[in-house]
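Trainee: Before we start, here is the structure in question, set down as structure tokens.
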Amino acid sequence: MEKGNVQRIIMDMDPGIDDALALILALKSPEVQVMGISTVAGNAPVALTSANACQVLEACNIHNIPVAKGAASPLERPLEHALSYHGPDGLGKLALPERKFPLDPEPAPELISQLASQHPHEIVLVATGPLTNIAQAFQSHPQLPKLLSRMILMGGAYHITPFGRGNKTPLAEFNIWQDPEAAFIVFTSGIDVTAIGLDVSANPEVCLSNKHLNQLETGHSPAISLAIQLTEYAIQHHGCCELHDPLTLASLLDPSLFGFMSVPVEVITTSDEERGMTRILPLGLGNRMPFIHLAIDVDEARFIQLFLSRVFGR
Ligand code: BDR
Ligand code: CA
């Protein structure tokens, strides 16, 4: 259920350049209201991902969204961060103002549970990092999957499109690979799952290039300035700015951007080269795992247009 036409969301994230851009997109999109942010270790250690979430809110002059720190490491293995991609602080080592924004006193699973209890069946959980916090929240609050409206996650490589190969291993995508045990718990929890995986998000047509950076540079606001710096860092270091996490949020803002199919998906938790793989099961075996809604196609131009226009707007 929605409040008016505005969809309440919780963002569970590991900022991270593209997580930060997803948060900016959410803050500037009238369709959604960010009720809370929970942070998790992933792209960077959780102290940094928490600081970075606060930093983005502060840069956008937002002071009324709680940020709760979550898991410092995956359920069963040590963290393998991605600072070499996202910069030494996880956010491109930008010269941002000193952060004053305080963290919420509650740990992430408690904040998620409290918000869901206050707004039963109304909140969509948007997860753009490893699923550790959410698995822990579901384990300590077994009613939680039913209290949330549904969840949308950035995760998985489904080997359906030419882009759907792994980015952490040849078979596995970073978020799911980081904590496949958590992903298994979430996928089998009974919550309605929509997954945006590399099959759509690694499409080079949904990356920001210098052309888009030049467009951003015509705007003037604290949020645009932050988006410019993040995009510039990614383009300088990686040739383009990947938008995995903004694309995930966009599936809530405008589902018509995507083609979806519903399939049973198994998360592989073995210790071999398949670890972290998200495997679509043949339909005959489908009763082993619940069906998820999987993005298999995206209107690249309309997505980029949505992203840029929202960053410019409000
Ligand atoms: C995902 O991994 C992280 O590095 C990004 O933030 C994104 O959530 C892409 O595989
Ligand atoms: Ca992320």
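Letters A, B, ... go to the chains of the structure tokens in the order shown; residues in each chain start at 1; ligands are counted from 1 in the same order.
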Could you report the residues within 6 Å of ligand 2, using only C-alpha atoms and all ligand atoms, as a ChimeraX atom specification?

Mentor: /A:13-14,16,19,128-129,245

Trainee: Counting only C-alpha atoms and all ligand atoms, what residues are within 8 Å of ligand 1, given as a list in words?

Mentor: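 The neighbouring residues of ligand 1 are, in order, Met13, Asp14, Pro15, Gly16, Ile17, Asp18, Asp19, Gly42, Asn43, Ala82, Tyr85, His86, Thr128, Gly129, Pro130, Met154, Gly155, Gly156, Asn167, Lys168, Glu173, Phe174, Asn175, Gly197, Leu198, Ser201, Leu243, His244 and Asp245 of chain A.
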
Trainee: Which neighbours of A:Leu96 fall inside 9 Å, counting only C-alpha atoms, when residues of the same chain fewer than 4 positions from it are skipped, and could you give them as a PDB file with N, CA, C and O atoms, in the first residue's frame?

Mentor:
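Saved as part30.pdb:
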```pdb
ATOM      1  N   GLN A  55      27.371  10.998   4.131  1.00  0.00           N
ATOM      2  CA  GLN A  55      27.994  12.072   3.343  1.00  0.00           C
ATOM      3  C   GLN A  55      27.100  12.493   2.173  1.00  0.00           C
ATOM      4  O   GLN A  55      26.961  13.680   1.884  1.00  0.00           O
ATOM      5  N   ALA A  59      25.524  16.093   1.725  1.00  0.00           N
ATOM      6  CA  ALA A  59      25.792  16.888   0.512  1.00  0.00           C
ATOM      7  C   ALA A  59      24.483  17.328  -0.131  1.00  0.00           C
ATOM      8  O   ALA A  59      24.427  18.383  -0.761  1.00  0.00           O
ATOM      9  N   LEU A 226      27.778  16.705  -6.671  1.00  0.00           N
ATOM     10  CA  LEU A 226      28.253  15.399  -6.178  1.00  0.00           C
ATOM     11  C   LEU A 226      28.179  14.358  -7.295  1.00  0.00           C
ATOM     12  O   LEU A 226      29.128  13.583  -7.489  1.00  0.00           O
TER      13      LEU A 226
END
```

Trainee: For A:Val126, list every protein, DNA or RNA residue within 9 Å, evaluated using only C-alpha atoms, and leave out those in the same chain fewer than 6 positions away; present the list as an MDAnalysis selection string.

Mentor: chainID A and resid 9:13 150:154 248:249 252

Trainee: Residues of the last selection are to be written out with all heavy atoms, as a compact mmCIF listing (two decimals), in the first residue's frame.

Mentor:
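Listing of part_36.txt after writing:
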```txt
# COMPACT_ATOMS: atom_id res chain seq x y z
N ILE A 9 10.21 3.51 0.68
CA ILE A 9 11.29 2.53 0.47
C ILE A 9 12.31 2.59 1.60
O ILE A 9 12.46 3.62 2.27
CB ILE A 9 12.02 2.71 -0.89
CG1 ILE A 9 12.77 4.06 -0.96
CG2 ILE A 9 11.06 2.61 -2.06
CD1 ILE A 9 13.66 4.19 -2.20
N ILE A 10 12.98 1.46 1.82
CA ILE A 10 14.21 1.42 2.62
C ILE A 10 15.32 1.05 1.65
O ILE A 10 15.14 0.16 0.80
CB ILE A 10 14.14 0.33 3.72
CG1 ILE A 10 13.01 0.64 4.71
CG2 ILE A 10 15.48 0.20 4.45
CD1 ILE A 10 12.74 -0.51 5.70
N MET A 11 16.45 1.73 1.75
CA MET A 11 17.58 1.41 0.87
C MET A 11 18.67 0.73 1.71
O MET A 11 19.18 1.32 2.66
CB MET A 11 18.11 2.67 0.19
CG MET A 11 17.04 3.34 -0.67
SD MET A 11 17.65 4.74 -1.64
CE MET A 11 18.45 3.91 -3.00
N ASP A 12 18.98 -0.51 1.35
CA ASP A 12 20.07 -1.24 2.00
C ASP A 12 21.23 -1.23 1.02
O ASP A 12 21.10 -1.75 -0.10
CB ASP A 12 19.62 -2.67 2.31
CG ASP A 12 20.66 -3.41 3.12
OD1 ASP A 12 20.67 -3.27 4.35
OD2 ASP A 12 21.50 -4.11 2.51
N MET A 13 22.36 -0.64 1.42
CA MET A 13 23.37 -0.34 0.40
C MET A 13 24.80 -0.35 0.94
O MET A 13 25.02 -0.33 2.15
CB MET A 13 23.07 1.02 -0.24
CG MET A 13 22.78 2.13 0.74
SD MET A 13 22.59 3.77 -0.05
CE MET A 13 21.86 3.40 -1.60
N ARG A 150 7.58 -5.82 -0.85
CA ARG A 150 8.37 -6.66 -1.74
C ARG A 150 9.80 -6.16 -1.72
O ARG A 150 10.07 -5.15 -1.05
CB ARG A 150 7.82 -6.66 -3.18
CG ARG A 150 7.87 -5.32 -3.89
CD ARG A 150 7.03 -5.38 -5.17
NE ARG A 150 7.13 -4.15 -5.95
CZ ARG A 150 7.91 -3.98 -7.02
NH1 ARG A 150 8.70 -4.95 -7.44
NH2 ARG A 150 7.92 -2.83 -7.66
N MET A 151 10.69 -6.81 -2.43
CA MET A 151 12.04 -6.26 -2.51
C MET A 151 12.58 -6.28 -3.94
O MET A 151 12.20 -7.11 -4.76
CB MET A 151 13.00 -6.94 -1.54
CG MET A 151 13.57 -8.24 -1.94
SD MET A 151 14.75 -8.78 -0.67
CE MET A 151 16.20 -7.79 -1.05
N ILE A 152 13.44 -5.28 -4.18
CA ILE A 152 14.11 -5.17 -5.47
C ILE A 152 15.59 -5.18 -5.16
O ILE A 152 16.05 -4.46 -4.28
CB ILE A 152 13.73 -3.83 -6.14
CG1 ILE A 152 12.23 -3.80 -6.42
CG2 ILE A 152 14.53 -3.60 -7.40
CD1 ILE A 152 11.76 -2.49 -7.01
N LEU A 153 16.34 -6.02 -5.86
CA LEU A 153 17.76 -6.09 -5.53
C LEU A 153 18.63 -6.02 -6.77
O LEU A 153 18.23 -6.45 -7.86
CB LEU A 153 18.06 -7.37 -4.74
CG LEU A 153 17.79 -8.72 -5.37
CD1 LEU A 153 19.01 -9.23 -6.14
CD2 LEU A 153 17.43 -9.73 -4.28
N MET A 154 19.81 -5.43 -6.58
CA MET A 154 20.84 -5.49 -7.61
C MET A 154 21.68 -6.71 -7.30
O MET A 154 22.39 -6.72 -6.29
CB MET A 154 21.72 -4.23 -7.56
CG MET A 154 22.64 -4.04 -8.77
SD MET A 154 23.95 -5.22 -8.86
CE MET A 154 23.78 -5.86 -10.49
N THR A 248 18.70 -0.31 -10.78
CA THR A 248 17.85 -1.12 -9.89
C THR A 248 16.71 -0.27 -9.33
O THR A 248 15.55 -0.67 -9.36
CB THR A 248 18.73 -1.71 -8.77
OG1 THR A 248 19.75 -2.49 -9.39
CG2 THR A 248 17.93 -2.56 -7.81
N LEU A 249 17.04 0.92 -8.85
CA LEU A 249 15.98 1.80 -8.35
C LEU A 249 15.02 2.18 -9.47
O LEU A 249 13.80 2.29 -9.26
CB LEU A 249 16.57 3.06 -7.71
CG LEU A 249 15.49 3.97 -7.15
CD1 LEU A 249 14.92 3.39 -5.87
CD2 LEU A 249 15.98 5.38 -6.93
N LEU A 252 11.77 0.48 -10.05
CA LEU A 252 10.64 0.87 -9.21
C LEU A 252 10.02 2.17 -9.74
O LEU A 252 8.81 2.33 -9.75
CB LEU A 252 11.12 1.05 -7.76
CG LEU A 252 10.08 1.38 -6.70
CD1 LEU A 252 9.02 0.29 -6.63
CD2 LEU A 252 10.77 1.51 -5.34
```

Trainee: Within 10 Å of A:Ser73, counting only C-alpha atoms, which residues qualify if same-chain residues fewer than 6 places away don't, as a list in words?

Mentor: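 In the requested format, the answer is Val40, Ala41, Gly42, Pro45, Val46, Leu79, Glu80, His81, Pro130, Thr132, Asn133, Gln178 and Asp179 of chain A.
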
Trainee: Write the selection just made, keeping all heavy atoms, as a compact mmCIF listing (two decimals), in the first residue's frame?

Mentor:
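Written out: selection_38.txt:
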```txt
# COMPACT_ATOMS: atom_id res chain seq x y z
N VAL A 40 25.88 -1.73 4.65
CA VAL A 40 26.46 -3.07 4.77
C VAL A 40 27.87 -3.04 4.18
O VAL A 40 28.17 -2.21 3.31
CB VAL A 40 25.55 -4.10 4.05
CG1 VAL A 40 25.50 -3.87 2.53
CG2 VAL A 40 25.94 -5.54 4.36
N ALA A 41 28.70 -3.93 4.67
CA ALA A 41 30.04 -4.08 4.08
C ALA A 41 29.91 -4.70 2.70
O ALA A 41 29.14 -5.63 2.49
CB ALA A 41 30.89 -4.99 4.97
N GLY A 42 30.65 -4.16 1.76
CA GLY A 42 30.57 -4.68 0.40
C GLY A 42 31.65 -4.00 -0.43
O GLY A 42 32.83 -4.37 -0.35
N PRO A 45 34.58 -1.45 3.59
CA PRO A 45 34.21 -1.83 4.95
C PRO A 45 33.01 -1.00 5.43
O PRO A 45 32.80 0.13 4.96
CB PRO A 45 35.47 -1.52 5.76
CG PRO A 45 36.59 -1.60 4.77
CD PRO A 45 36.01 -1.10 3.47
N VAL A 46 32.25 -1.54 6.38
CA VAL A 46 30.97 -0.91 6.72
C VAL A 46 31.15 0.47 7.36
O VAL A 46 30.27 1.33 7.23
CB VAL A 46 30.12 -1.86 7.60
CG1 VAL A 46 30.68 -1.96 9.02
CG2 VAL A 46 28.66 -1.43 7.60
N LEU A 79 35.13 -10.21 4.42
CA LEU A 79 34.79 -9.29 3.33
C LEU A 79 35.91 -9.24 2.30
O LEU A 79 37.08 -9.19 2.66
CB LEU A 79 34.57 -7.89 3.91
CG LEU A 79 34.36 -6.77 2.89
CD1 LEU A 79 33.01 -6.92 2.21
CD2 LEU A 79 34.46 -5.40 3.56
N GLU A 80 35.54 -9.21 1.02
CA GLU A 80 36.50 -8.88 -0.05
C GLU A 80 36.00 -7.61 -0.71
O GLU A 80 35.14 -7.66 -1.60
CB GLU A 80 36.60 -10.01 -1.07
CG GLU A 80 37.45 -11.14 -0.58
CD GLU A 80 37.93 -12.06 -1.70
OE1 GLU A 80 38.07 -11.62 -2.87
OE2 GLU A 80 38.14 -13.24 -1.39
N HIS A 81 36.47 -6.45 -0.22
CA HIS A 81 35.93 -5.18 -0.69
C HIS A 81 36.36 -4.86 -2.12
O HIS A 81 37.17 -5.59 -2.71
CB HIS A 81 36.33 -4.05 0.27
CG HIS A 81 37.81 -3.85 0.36
ND1 HIS A 81 38.57 -3.42 -0.69
CD2 HIS A 81 38.68 -4.05 1.39
CE1 HIS A 81 39.83 -3.33 -0.33
NE2 HIS A 81 39.93 -3.72 0.93
N PRO A 130 25.62 -6.48 -0.87
CA PRO A 130 25.46 -7.85 -0.40
C PRO A 130 24.25 -7.94 0.54
O PRO A 130 23.91 -6.97 1.22
CB PRO A 130 26.77 -8.13 0.32
CG PRO A 130 27.75 -7.16 -0.27
CD PRO A 130 26.96 -5.94 -0.60
N THR A 132 23.62 -9.36 3.38
CA THR A 132 23.88 -9.79 4.76
C THR A 132 22.88 -9.21 5.76
O THR A 132 22.31 -9.93 6.58
CB THR A 132 25.31 -9.37 5.16
OG1 THR A 132 26.20 -9.59 4.07
CG2 THR A 132 25.77 -10.13 6.38
N ASN A 133 22.68 -7.88 5.73
CA ASN A 133 21.75 -7.26 6.70
C ASN A 133 20.36 -7.84 6.58
O ASN A 133 19.67 -8.05 7.58
CB ASN A 133 21.59 -5.75 6.41
CG ASN A 133 22.81 -4.94 6.75
OD1 ASN A 133 23.63 -5.38 7.54
ND2 ASN A 133 22.91 -3.77 6.14
N GLN A 178 29.61 -12.02 -2.84
CA GLN A 178 30.13 -11.57 -1.53
C GLN A 178 29.48 -12.34 -0.38
O GLN A 178 30.14 -12.69 0.58
CB GLN A 178 29.85 -10.07 -1.37
CG GLN A 178 30.55 -9.40 -0.23
CD GLN A 178 32.04 -9.30 -0.45
OE1 GLN A 178 32.80 -9.88 0.31
NE2 GLN A 178 32.48 -8.59 -1.47
N ASP A 179 28.18 -12.61 -0.50
CA ASP A 179 27.50 -13.32 0.58
C ASP A 179 26.38 -14.22 0.02
O ASP A 179 25.19 -13.95 0.22
CB ASP A 179 26.93 -12.33 1.61
CG ASP A 179 26.62 -13.02 2.94
OD1 ASP A 179 26.56 -14.27 2.94
OD2 ASP A 179 26.46 -12.32 3.95
```

Trainee: With distances taken over only C-alpha atoms, which of A:Asp192, A:Leu308, A:Tyr158, A:Phe258 is nearest to A:Asn214?

Mentor: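 Ranked by minimum distance to A:Asn214, first place goes to A:Leu308.
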
Trainee: Please report the interatomic distance between atom CA of A:Gly70 and atom CA of A:Glu232 in Å with one decimal.

Mentor: 28.8 Å

Trainee: Skipping near chain neighbours, those fewer than 2 positions away, what residues fall within 12 Å of A:Ile185 using only C-alpha atoms, listed as a ChimeraX atom specification?

Mentor: /A:75,131-139,142,145,176,179-183,187-191,266-269,289-290

Trainee: For those residues, write N, CA, C and O atoms to a file as a short mmCIF file (atom, residue, chain, number, x, y, z; two decimals), in the first residue's frame.

Mentor:
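Saved result, out_2.cif, follows:
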```cif
data_model
loop_
_atom_site.label_atom_id
_atom_site.label_comp_id
_atom_site.auth_asym_id
_atom_site.auth_seq_id
_atom_site.Cartn_x
_atom_site.Cartn_y
_atom_site.Cartn_z
N LEU A 75 28.06 -13.41 6.10
CA LEU A 75 27.67 -14.36 7.15
C LEU A 75 28.77 -15.36 7.47
O LEU A 75 28.99 -15.70 8.62
N LEU A 131 23.63 -9.11 0.63
CA LEU A 131 22.33 -9.23 1.31
C LEU A 131 22.45 -9.61 2.79
O LEU A 131 21.49 -10.09 3.40
N THR A 132 23.62 -9.36 3.38
CA THR A 132 23.88 -9.79 4.76
C THR A 132 22.88 -9.21 5.76
O THR A 132 22.31 -9.93 6.58
N ASN A 133 22.68 -7.88 5.73
CA ASN A 133 21.75 -7.26 6.70
C ASN A 133 20.36 -7.84 6.58
O ASN A 133 19.67 -8.05 7.58
N ILE A 134 19.94 -8.06 5.36
CA ILE A 134 18.56 -8.47 5.13
C ILE A 134 18.38 -9.91 5.60
O ILE A 134 17.39 -10.24 6.26
N ALA A 135 19.38 -10.75 5.32
CA ALA A 135 19.32 -12.14 5.83
C ALA A 135 19.27 -12.12 7.35
O ALA A 135 18.47 -12.84 7.97
N GLN A 136 20.09 -11.29 7.98
CA GLN A 136 20.09 -11.24 9.45
C GLN A 136 18.75 -10.72 9.97
O GLN A 136 18.22 -11.23 10.96
N ALA A 137 18.21 -9.71 9.28
CA ALA A 137 16.90 -9.18 9.71
C ALA A 137 15.82 -10.24 9.58
O ALA A 137 14.98 -10.40 10.46
N PHE A 138 15.85 -11.00 8.48
CA PHE A 138 14.83 -12.04 8.27
C PHE A 138 14.99 -13.17 9.29
O PHE A 138 14.01 -13.78 9.72
N GLN A 139 16.25 -13.45 9.67
CA GLN A 139 16.46 -14.52 10.66
C GLN A 139 15.99 -14.09 12.04
O GLN A 139 15.39 -14.86 12.78
N PRO A 142 11.29 -13.33 11.84
CA PRO A 142 10.77 -14.21 10.78
C PRO A 142 9.51 -13.68 10.10
O PRO A 142 9.20 -14.09 8.98
N PRO A 145 9.60 -10.81 6.18
CA PRO A 145 9.33 -10.90 4.74
C PRO A 145 7.87 -10.62 4.39
O PRO A 145 7.58 -10.09 3.32
N ILE A 176 26.12 -10.87 -4.97
CA ILE A 176 25.68 -12.21 -4.58
C ILE A 176 26.91 -13.04 -4.17
O ILE A 176 26.88 -13.78 -3.19
N ASP A 179 28.18 -12.61 -0.50
CA ASP A 179 27.50 -13.32 0.58
C ASP A 179 26.38 -14.22 0.02
O ASP A 179 25.19 -13.95 0.22
N PRO A 180 26.78 -15.33 -0.63
CA PRO A 180 25.75 -16.19 -1.21
C PRO A 180 24.86 -16.85 -0.17
O PRO A 180 23.68 -17.12 -0.42
N GLU A 181 25.42 -17.10 1.04
CA GLU A 181 24.59 -17.69 2.10
C GLU A 181 23.44 -16.74 2.43
O GLU A 181 22.29 -17.17 2.62
N ALA A 182 23.74 -15.44 2.51
CA ALA A 182 22.69 -14.45 2.78
C ALA A 182 21.70 -14.40 1.63
O ALA A 182 20.48 -14.34 1.83
N ALA A 183 22.22 -14.44 0.41
CA ALA A 183 21.32 -14.39 -0.76
C ALA A 183 20.39 -15.58 -0.76
O ALA A 183 19.19 -15.46 -1.07
N PHE A 187 16.41 -15.24 -0.91
CA PHE A 187 15.67 -15.77 -2.07
C PHE A 187 14.63 -16.81 -1.63
O PHE A 187 13.63 -16.98 -2.30
N THR A 188 14.89 -17.49 -0.51
CA THR A 188 13.96 -18.54 -0.07
C THR A 188 13.08 -18.07 1.09
O THR A 188 12.41 -18.88 1.72
N SER A 189 13.07 -16.76 1.36
CA SER A 189 12.35 -16.26 2.54
C SER A 189 10.85 -16.14 2.32
O SER A 189 10.10 -15.93 3.25
N GLY A 190 10.42 -16.19 1.07
CA GLY A 190 9.00 -15.99 0.78
C GLY A 190 8.69 -14.57 0.32
O GLY A 190 7.59 -14.30 -0.18
N ILE A 191 9.63 -13.64 0.46
CA ILE A 191 9.38 -12.27 -0.02
C ILE A 191 9.38 -12.27 -1.54
O ILE A 191 10.08 -13.07 -2.19
N GLU A 266 18.33 -20.49 -8.34
CA GLU A 266 19.07 -21.12 -7.24
C GLU A 266 20.36 -20.32 -7.00
O GLU A 266 21.04 -19.95 -7.96
N VAL A 267 20.67 -20.05 -5.73
CA VAL A 267 21.94 -19.39 -5.40
C VAL A 267 22.92 -20.48 -4.96
O VAL A 267 22.64 -21.26 -4.06
N ILE A 268 24.09 -20.49 -5.60
CA ILE A 268 25.05 -21.56 -5.32
C ILE A 268 25.96 -21.13 -4.16
O ILE A 268 26.62 -20.09 -4.23
N THR A 269 25.98 -21.95 -3.11
CA THR A 269 26.77 -21.61 -1.92
C THR A 269 27.96 -22.56 -1.72
O THR A 269 28.58 -22.56 -0.66
N MET A 289 13.10 -24.04 -5.84
CA MET A 289 13.35 -22.65 -5.43
C MET A 289 12.17 -21.80 -5.89
O MET A 289 11.56 -22.07 -6.93
N PRO A 290 11.86 -20.71 -5.13
CA PRO A 290 10.77 -19.84 -5.55
C PRO A 290 11.12 -19.07 -6.83
O PRO A 290 12.30 -18.90 -7.16
#
```

Trainee: Calculated over only C-alpha atoms, which of the candidates A:Asn203, A:Gln114, A:Ser50, A:Thr218 has the smallest distance to A:Phe303?

Mentor: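 Selected residue with least distance to A:Phe303: A:Asn203.
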
Trainee: With only C-alpha atoms as the counted atoms, please give the residues lying no more than 10 Å from A:Leu208, apart from itself and same-chain residues fewer than 5 positions off, as an mmCIF file with N, CA and C atoms, in the first residue's frame.

Mentor:
```
data_model
loop_
_atom_site.group_PDB
_atom_site.id
_atom_site.type_symbol
_atom_site.label_atom_id
_atom_site.label_comp_id
_atom_site.auth_asym_id
_atom_site.auth_seq_id
_atom_site.Cartn_x
_atom_site.Cartn_y
_atom_site.Cartn_z
ATOM 1 N N LEU A 213 28.486 13.365 -18.898
ATOM 2 C CA LEU A 213 29.152 14.215 -17.904
ATOM 3 C C LEU A 213 29.048 15.680 -18.328
ATOM 4 N N THR A 231 30.769 10.725 -11.097
ATOM 5 C CA THR A 231 30.807 10.262 -12.490
ATOM 6 C C THR A 231 32.193 10.482 -13.087
ATOM 7 N N GLU A 232 32.767 11.644 -12.789
ATOM 8 C CA GLU A 232 34.093 11.992 -13.312
ATOM 9 C C GLU A 232 35.139 10.976 -12.821
ATOM 10 N N ALA A 234 34.662 7.883 -11.895
ATOM 11 C CA ALA A 234 34.467 6.573 -12.530
ATOM 12 C C ALA A 234 34.946 6.605 -13.982
ATOM 13 N N ILE A 235 34.634 7.674 -14.694
ATOM 14 C CA ILE A 235 35.052 7.737 -16.103
ATOM 15 C C ILE A 235 36.581 7.786 -16.197
ATOM 16 N N GLY A 239 36.780 4.387 -17.555
ATOM 17 C CA GLY A 239 36.339 4.627 -18.939
ATOM 18 C C GLY A 239 34.866 4.985 -19.048
ATOM 19 N N CYS A 240 34.049 4.535 -18.112
ATOM 20 C CA CYS A 240 32.646 4.957 -18.084
ATOM 21 C C CYS A 240 32.140 4.767 -16.659
ATOM 22 N N CYS A 241 30.970 5.335 -16.377
ATOM 23 C CA CYS A 241 30.426 5.246 -15.017
ATOM 24 C C CYS A 241 29.260 4.264 -15.024
ATOM 25 N N GLU A 242 29.501 3.083 -14.477
ATOM 26 C CA GLU A 242 28.460 2.047 -14.460
ATOM 27 C C GLU A 242 27.336 2.448 -13.502
ATOM 28 N N LEU A 243 26.128 2.085 -13.864
ATOM 29 C CA LEU A 243 24.952 2.523 -13.091
ATOM 30 C C LEU A 243 24.119 1.325 -12.616
ATOM 31 N N ILE A 304 18.656 6.336 -19.279
ATOM 32 C CA ILE A 304 19.652 7.417 -19.115
ATOM 33 C C ILE A 304 18.937 8.770 -19.020
ATOM 34 N N PHE A 307 17.463 9.084 -15.568
ATOM 35 C CA PHE A 307 18.496 9.352 -14.567
ATOM 36 C C PHE A 307 18.934 10.821 -14.620
ATOM 37 N N LEU A 308 19.281 11.280 -15.825
ATOM 38 C CA LEU A 308 19.795 12.656 -15.942
ATOM 39 C C LEU A 308 18.727 13.671 -15.563
#
```

Trainee: Taking only stretch 17-69 of chain A into account, list the residues labelled alpha helix (DSSP H) by DSSP (computed from the backbone), as a ChimeraX atom specification.

Mentor: /A:17-27,46-59

Trainee: Counting only C-alpha atoms, which residue out of A:Val6, A:Leu171, A:Ile228, A:Ile292 sits closest to A:Val34?

Mentor: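 The answer is A:Val6, which sits nearest to A:Val34.
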
Trainee: Of the candidates A:Met35, A:Val67, A:Ala195, A:Ala53, which one gets nearest to A:Ile123 if we count only C-alpha atoms?

Mentor: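 That would be A:Met35, the residue with the smallest distance to A:Ile123.
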
Trainee: Expressed in Å to a single decimal, how great is the separation between atom CA of A:Ile296 and atom CA of A:Gln33?

Mentor: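 Computing the Euclidean distance for atom CA of A:Ile296 and atom CA of A:Gln33 yields 26.7 Å.
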
Trainee: Between A:Asn61, A:Gln236, A:Thr161, A:Asn52, which one has atoms that come closest to A:Ala202, using only C-alpha atoms?

Mentor: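 Closest residue, counting only C-alpha atoms: A:Thr161.
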
Trainee: Rounded to one decimal, what separation in Å do you get between atom CA of A:Ala44 and atom CA of A:Thr278?

Mentor: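 Interatomic distance here is 22.8 Å.
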
Trainee: Taking only C-alpha atoms into account, name the residue in A:Pro78, A:Pro246, A:Gly284, A:Gly276 that is nearest to A:Pro264.

Mentor: A:Gly284
